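What follows is entry.cif (mmCIF, C-alpha atoms).
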data_structure
loop_
_atom_site.label_atom_id
_atom_site.label_comp_id
_atom_site.auth_asym_id
_atom_site.auth_seq_id
_atom_site.Cartn_x
_atom_site.Cartn_y
_atom_site.Cartn_z
CA MET A 164 81.72 95.25 -113.56
CA SER A 165 84.03 94.38 -110.65
CA GLU A 166 87.29 92.52 -111.17
CA THR A 167 86.22 89.63 -108.97
CA GLU A 168 82.80 89.02 -110.45
CA HIS A 169 83.94 87.41 -113.70
CA SER A 170 87.45 86.30 -112.85
CA ASP A 171 86.85 82.64 -113.71
CA TRP A 172 85.87 81.05 -116.97
CA GLN A 173 83.28 78.35 -116.68
CA PRO A 174 83.87 74.84 -117.98
CA SER A 175 81.89 74.09 -121.11
CA SER A 176 78.62 72.20 -120.78
CA SER A 177 80.00 69.49 -123.09
CA GLN A 178 82.83 68.93 -120.60
CA GLN A 179 80.40 68.97 -117.67
CA ASP A 180 78.39 66.34 -119.50
CA GLY A 181 81.55 64.27 -119.87
CA GLY A 182 81.63 65.03 -123.57
CA GLU A 183 84.22 66.55 -125.89
CA TYR A 184 87.29 68.24 -124.35
CA GLN A 185 87.30 72.04 -124.29
CA THR A 186 89.96 74.33 -122.77
CA VAL A 187 88.97 75.86 -119.44
CA ILE A 188 90.70 79.08 -118.46
CA ASP A 189 90.71 80.26 -114.86
CA ALA A 190 91.79 83.67 -113.58
CA ASP A 191 95.30 82.50 -112.58
CA THR A 192 96.01 81.00 -116.01
CA ALA A 193 94.69 84.16 -117.67
CA GLN A 194 97.01 86.37 -115.61
CA ARG A 195 100.07 84.21 -116.27
CA ASP A 196 99.62 83.94 -120.03
CA PRO A 197 99.81 87.39 -121.73
CA GLN A 198 97.90 86.27 -124.83
CA THR A 199 95.05 84.83 -122.77
CA ALA A 200 95.03 87.97 -120.59
CA LEU A 201 94.61 90.05 -123.76
CA VAL A 202 91.62 87.99 -124.91
CA VAL A 203 90.06 88.26 -121.42
CA ALA A 204 90.56 92.06 -121.48
CA LYS A 205 88.96 92.28 -124.94
CA ILE A 206 85.96 90.21 -123.79
CA LYS A 207 85.60 92.40 -120.67
CA ALA A 208 85.49 95.57 -122.80
CA LEU A 209 82.89 94.03 -125.14
CA ARG A 210 80.80 92.92 -122.16
CA GLN A 211 80.75 96.45 -120.82
CA SER A 212 79.34 97.59 -124.18
CA ILE A 213 76.79 94.74 -124.07
CA ASP A 214 75.77 95.82 -120.56
CA ASN A 215 75.36 99.41 -121.77
CA VAL A 216 73.14 98.23 -124.64
CA ASP A 217 71.06 96.19 -122.17
CA THR A 218 70.60 99.22 -119.91
CA ALA A 219 69.32 101.21 -122.89
CA ILE A 220 67.02 98.40 -124.08
CA VAL A 221 65.53 97.72 -120.62
CA SER A 222 64.88 101.47 -120.19
CA LEU A 223 63.22 101.59 -123.60
CA LEU A 224 61.14 98.49 -122.78
CA ALA A 225 59.94 100.30 -119.64
CA GLU A 226 58.77 103.21 -121.83
CA ARG A 227 57.22 100.82 -124.37
CA PHE A 228 55.09 99.12 -121.72
CA LYS A 229 54.00 102.50 -120.36
CA TYR A 230 52.79 103.39 -123.87
CA THR A 231 51.08 100.05 -124.46
CA SER A 232 49.41 100.25 -121.04
CA ARG A 233 47.94 103.59 -122.02
CA VAL A 234 46.74 102.06 -125.31
CA GLY A 235 45.27 99.19 -123.27
CA VAL A 236 43.32 101.55 -121.00
CA LEU A 237 42.04 103.59 -123.98
CA LYS A 238 40.97 100.41 -125.82
CA ALA A 239 39.28 98.94 -122.74
CA GLU A 240 37.42 102.17 -121.95
CA ALA A 241 36.23 102.49 -125.58
CA GLY A 242 35.39 98.79 -125.86
CA PHE A 243 37.99 98.08 -128.55
CA ALA A 244 39.44 94.56 -128.74
CA PRO A 245 42.92 94.00 -127.26
CA ALA A 246 44.18 92.30 -130.46
CA ASP A 247 44.63 94.20 -133.73
CA TYR A 248 45.87 91.97 -136.54
CA LYS A 249 46.34 94.71 -139.13
CA ARG A 250 48.59 96.54 -136.70
CA GLU A 251 50.59 93.32 -136.23
CA ASP A 252 51.07 92.84 -140.00
CA TYR A 253 52.27 96.42 -140.23
CA GLN A 254 54.73 95.92 -137.35
CA ILE A 255 56.09 92.63 -138.79
CA GLU A 256 56.82 94.24 -142.17
CA ARG A 257 58.27 97.38 -140.58
CA LEU A 258 60.59 95.64 -138.09
CA HIS A 259 61.80 93.21 -140.76
CA ARG A 260 62.89 96.17 -142.89
CA ILE A 261 64.57 97.98 -139.95
CA ALA A 262 66.41 94.79 -138.93
CA VAL A 263 67.82 94.23 -142.43
CA ASP A 264 68.94 97.88 -142.61
CA ALA A 265 70.60 97.59 -139.17
CA GLY A 266 72.37 94.30 -140.00
CA LEU A 267 70.26 92.21 -137.61
CA ASP A 268 68.88 88.77 -138.47
CA PRO A 269 65.20 89.59 -139.19
CA ASP A 270 64.21 86.43 -137.27
CA ILE A 271 65.56 88.08 -134.10
CA ALA A 272 63.49 91.21 -134.75
CA GLU A 273 60.41 89.02 -135.24
CA MET A 274 61.13 87.11 -132.00
CA TYR A 275 61.47 90.45 -130.21
CA ARG A 276 58.14 91.63 -131.66
CA GLU A 277 56.34 88.43 -130.70
CA PHE A 278 57.71 88.72 -127.17
CA VAL A 279 56.65 92.34 -126.55
CA VAL A 280 53.30 92.04 -128.35
CA ALA A 281 52.39 88.87 -126.42
CA GLU A 282 53.25 90.55 -123.12
CA ALA A 283 51.40 93.75 -124.06
CA LYS A 284 48.31 91.71 -125.04
CA LYS A 285 48.30 89.86 -121.72
CA ARG A 286 48.39 93.22 -119.95
CA HIS A 287 45.66 94.67 -122.20
CA GLN A 288 43.42 91.73 -121.42
CA ARG A 289 44.09 92.22 -117.71
CA ILE A 290 43.17 95.92 -118.01
CA ALA A 291 40.00 95.05 -119.96
CA ASP A 292 39.04 92.41 -117.38
CA ALA A 293 39.43 95.07 -114.68
CA GLY A 294 37.02 97.31 -116.62
CA GLY A 295 39.71 99.60 -118.00
CA ASP A 296 40.59 100.82 -114.52
CA PRO A 297 44.07 102.42 -114.69
CA GLY A 298 44.47 101.37 -111.06
CA VAL A 299 45.80 98.00 -112.18
CA LEU A 300 48.64 99.87 -113.87
CA ASP A 301 50.17 100.48 -110.48
CA VAL A 302 51.31 96.88 -110.39
CA PHE A 303 53.63 96.87 -113.43
CA ALA A 304 50.71 96.67 -115.91
CA MET B 300 51.97 105.13 -140.39
CA SER B 301 49.54 105.78 -143.23
CA GLU B 302 45.92 106.69 -142.61
CA THR B 303 44.63 103.65 -144.44
CA GLU B 304 46.78 101.03 -142.77
CA HIS B 305 45.04 101.05 -139.40
CA SER B 306 41.69 102.59 -140.24
CA ASP B 307 39.68 99.61 -139.01
CA TRP B 308 39.47 98.15 -135.55
CA GLN B 309 39.47 94.39 -135.40
CA PRO B 310 36.64 92.46 -133.79
CA SER B 311 37.61 90.93 -130.47
CA SER B 312 38.63 87.29 -130.40
CA SER B 313 35.86 86.57 -127.89
CA GLN B 314 33.34 87.80 -130.46
CA GLN B 315 35.01 85.82 -133.25
CA ASP B 316 34.67 82.77 -131.04
CA GLY B 317 30.99 83.56 -130.61
CA GLY B 318 31.63 84.55 -127.02
CA GLU B 319 30.93 87.66 -124.96
CA TYR B 320 29.81 90.82 -126.79
CA GLN B 321 32.43 93.50 -127.29
CA THR B 322 32.01 96.80 -129.17
CA VAL B 323 33.59 96.81 -132.63
CA ILE B 324 34.58 100.18 -134.05
CA ASP B 325 35.21 100.63 -137.76
CA ALA B 326 36.72 103.70 -139.45
CA ASP B 327 33.32 105.15 -140.45
CA THR B 328 31.92 104.92 -136.92
CA ALA B 329 35.12 106.46 -135.56
CA GLN B 330 34.86 109.41 -137.91
CA ARG B 331 31.18 110.03 -137.15
CA ASP B 332 31.52 109.91 -133.36
CA PRO B 333 33.81 112.70 -132.06
CA GLN B 334 34.59 110.90 -128.80
CA THR B 335 35.61 107.70 -130.58
CA ALA B 336 37.64 109.73 -133.09
CA LEU B 337 39.52 111.29 -130.16
CA VAL B 338 40.37 107.87 -128.69
CA VAL B 339 41.51 106.65 -132.12
CA ALA B 340 43.74 109.74 -132.50
CA LYS B 341 45.24 109.17 -129.04
CA ILE B 342 45.98 105.51 -129.84
CA LYS B 343 47.59 106.52 -133.16
CA ALA B 344 49.90 108.98 -131.39
CA LEU B 345 50.89 106.35 -128.81
CA ARG B 346 51.52 103.81 -131.56
CA GLN B 347 53.90 106.20 -133.27
CA SER B 348 55.85 106.42 -130.00
CA ILE B 349 55.78 102.61 -129.70
CA ASP B 350 57.12 102.33 -133.27
CA ASN B 351 59.90 104.79 -132.43
CA VAL B 352 60.85 102.75 -129.36
CA ASP B 353 60.89 99.58 -131.51
CA THR B 354 63.20 101.25 -134.06
CA ALA B 355 65.61 102.14 -131.25
CA ILE B 356 65.45 98.67 -129.68
CA VAL B 357 65.94 96.78 -132.96
CA SER B 358 68.93 99.03 -133.78
CA LEU B 359 70.39 98.36 -130.33
CA LEU B 360 69.77 94.62 -130.73
CA ALA B 361 71.76 94.78 -133.99
CA GLU B 362 74.68 96.34 -132.09
CA ARG B 363 74.29 93.83 -129.24
CA PHE B 364 74.60 90.85 -131.59
CA LYS B 365 77.64 92.41 -133.25
CA TYR B 366 79.28 92.63 -129.81
CA THR B 367 78.30 89.10 -128.79
CA SER B 368 79.51 87.74 -132.14
CA ARG B 369 82.90 89.29 -131.44
CA VAL B 370 82.88 87.72 -127.97
CA GLY B 371 81.92 84.42 -129.62
CA VAL B 372 84.87 84.56 -132.03
CA LEU B 373 87.30 85.50 -129.23
CA LYS B 374 86.01 82.68 -127.02
CA ALA B 375 86.13 80.12 -129.84
CA GLU B 376 89.65 81.12 -130.87
CA ALA B 377 90.88 80.95 -127.26
CA GLY B 378 88.97 77.71 -126.54
CA PHE B 379 86.69 79.25 -123.91
CA ALA B 380 83.26 77.68 -123.41
CA PRO B 381 80.27 79.49 -125.01
CA ALA B 382 78.32 79.46 -121.69
CA ASP B 383 79.42 81.51 -118.68
CA TYR B 384 77.10 81.01 -115.70
CA LYS B 385 78.74 83.62 -113.43
CA ARG B 386 78.23 86.20 -116.15
CA GLU B 387 74.56 85.17 -116.35
CA ASP B 388 74.04 85.55 -112.60
CA TYR B 389 75.61 89.00 -112.79
CA GLN B 390 73.33 89.97 -115.70
CA ILE B 391 70.18 88.67 -113.98
CA GLU B 392 70.86 90.70 -110.83
CA ARG B 393 71.86 93.79 -112.81
CA LEU B 394 68.89 93.83 -115.20
CA HIS B 395 66.46 93.17 -112.33
CA ARG B 396 67.77 96.28 -110.58
CA ILE B 397 67.63 98.42 -113.76
CA ALA B 398 64.08 97.23 -114.51
CA VAL B 399 62.82 98.15 -111.03
CA ASP B 400 64.47 101.59 -111.30
CA ALA B 401 62.91 102.13 -114.74
CA GLY B 402 59.41 101.03 -113.65
CA LEU B 403 59.45 97.82 -115.70
CA ASP B 404 58.16 94.46 -114.43
CA PRO B 405 61.45 92.65 -113.64
CA ASP B 406 59.95 89.48 -115.17
CA ILE B 407 59.95 91.24 -118.54
CA ALA B 408 63.62 92.19 -118.15
CA GLU B 409 64.42 88.57 -117.30
CA MET B 410 62.46 87.32 -120.34
CA TYR B 411 64.39 89.78 -122.51
CA ARG B 412 67.71 88.55 -121.03
CA GLU B 413 66.82 84.89 -121.59
CA PHE B 414 65.87 85.65 -125.18
CA VAL B 415 69.07 87.50 -126.13
CA VAL B 416 71.40 85.20 -124.17
CA ALA B 417 69.84 82.07 -125.72
CA GLU B 418 70.21 83.52 -129.21
CA ALA B 419 73.77 84.69 -128.53
CA LYS B 420 74.71 81.23 -127.21
CA LYS B 421 73.31 79.50 -130.31
CA ARG B 422 75.47 81.81 -132.42
CA HIS B 423 78.54 81.26 -130.21
CA GLN B 424 78.16 77.51 -130.58
CA ARG B 425 77.86 77.92 -134.35
CA ILE B 426 81.06 80.02 -134.40
CA ALA B 427 82.87 77.44 -132.22
CA ASP B 428 81.67 74.59 -134.47
CA ALA B 429 83.10 76.50 -137.45
CA GLY B 430 86.47 76.69 -135.64
CA GLY B 431 86.09 80.34 -134.62
CA ASP B 432 86.17 81.46 -138.24
CA PRO B 433 84.70 84.99 -138.42
CA GLY B 434 83.56 84.11 -141.95
CA VAL B 435 80.36 82.62 -140.52
CA LEU B 436 79.58 86.10 -139.16
CA ASP B 437 78.76 87.26 -142.65
CA VAL B 438 75.45 85.43 -142.41
CA PHE B 439 73.87 87.29 -139.49
CA ALA B 440 75.98 85.45 -136.87
#
Translate this file's structure into structure tokens.
Amino acid sequence: MSETEHSDWQPSSSQQDGGEYQTVIDADTAQRDPQTALVVAKIKALRQSIDNVDTAIVSLLAERFKYTSRVGVLKAEAGFAPADYKREDYQIERLHRIAVDAGLDPDIAEMYREFVVAEAKKRHQRIADAGGDPGVLDVFA
Amino acid sequence: MSETEHSDWQPSSSQQDGGEYQTVIDADTAQRDPQTALVVAKIKALRQSIDNVDTAIVSLLAERFKYTSRVGVLKAEAGFAPADYKREDYQIERLHRIAVDAGLDPDIAEMYREFVVAEAKKRHQRIADAGGDPGVLDVFA
């Protein structure tokens, strides 16, 4: 993260909408006031950790879609249906449990599951429509 | 994953809707036909990998929301706005690049980003509304 990229703090949307007043901190103010500079430094450090988590998650999503694409090709070739509701029930129960153990709101885990399963299904259907030809996988399938 | 949990293959939705014919494979058929049994075994192995990826991602999401909650408290205490559009532009560009490198459809990375940022913002607003009190973090904030 470069120094210049996040040097300003955006005005709040409520202020942009002409609503309630909220303090806006720009880079100059932050540098002049030591306490504000400390908060900005703390947020920068946390954002670097958030970016590292995102790198890991996006890399894992790439692997996940490679796996689900292979499942999609196998299912299409064997004539299995793209959807599998028992599998979904199993995943819902499992991810709920993992989320609670990890200290994550289980609703977030369920939103994550819905997102990846919906995308995987779309891709499975596309593979099936193409007759299970792994060639379609070349284009991010 | 137990043997019994995914022993049946669901009928396709097109068949349920009375549409196009699609082969339906149940556990008995799979066990009698060696080629089908092989496909089922391959899918099971891939699903175990998918489940492992999901465990990793849900654990990372738990850490991500802990970081963003801390950012939310810092922002609320300092009077910074929950939204930060420059930060978003930076994240969009960054995750697009990481997705392409990892072989993931960049649209998926962007959908992931929108999902986590939207959820983080909702939580930031909730923290700000509570006057930046970290007490609200106890309930999955």
Residues in the PyMOL selection byres ((chain A and resi 272-281) around 10), expressed as number ranges by chain: A: 224, 227-228, 231, 246, 251, 254-263, 267-271, 282-287; B: 353, 356-358, 360-361, 407, 410-411, 414-415
Around all listed atoms of stretch 330-349 of chain B, padded 8 Å per side, what centre and edge lengths does the axis-aligned box have in Å to one decimal, as lines of an AutoDock Vina configuration file?
center_x = 43.5
center_y = 107.7
center_z = -133.3
size_x = 40.7
size_y = 26.1
size_z = 25.2
Leaving out stretch 194-209 of chain A and any residue of its chain fewer than 5 positions from it, which residues lie within 7 Å of it when counting all atoms listed in the file, given as number ranges by chain? B: 366, 370, 373
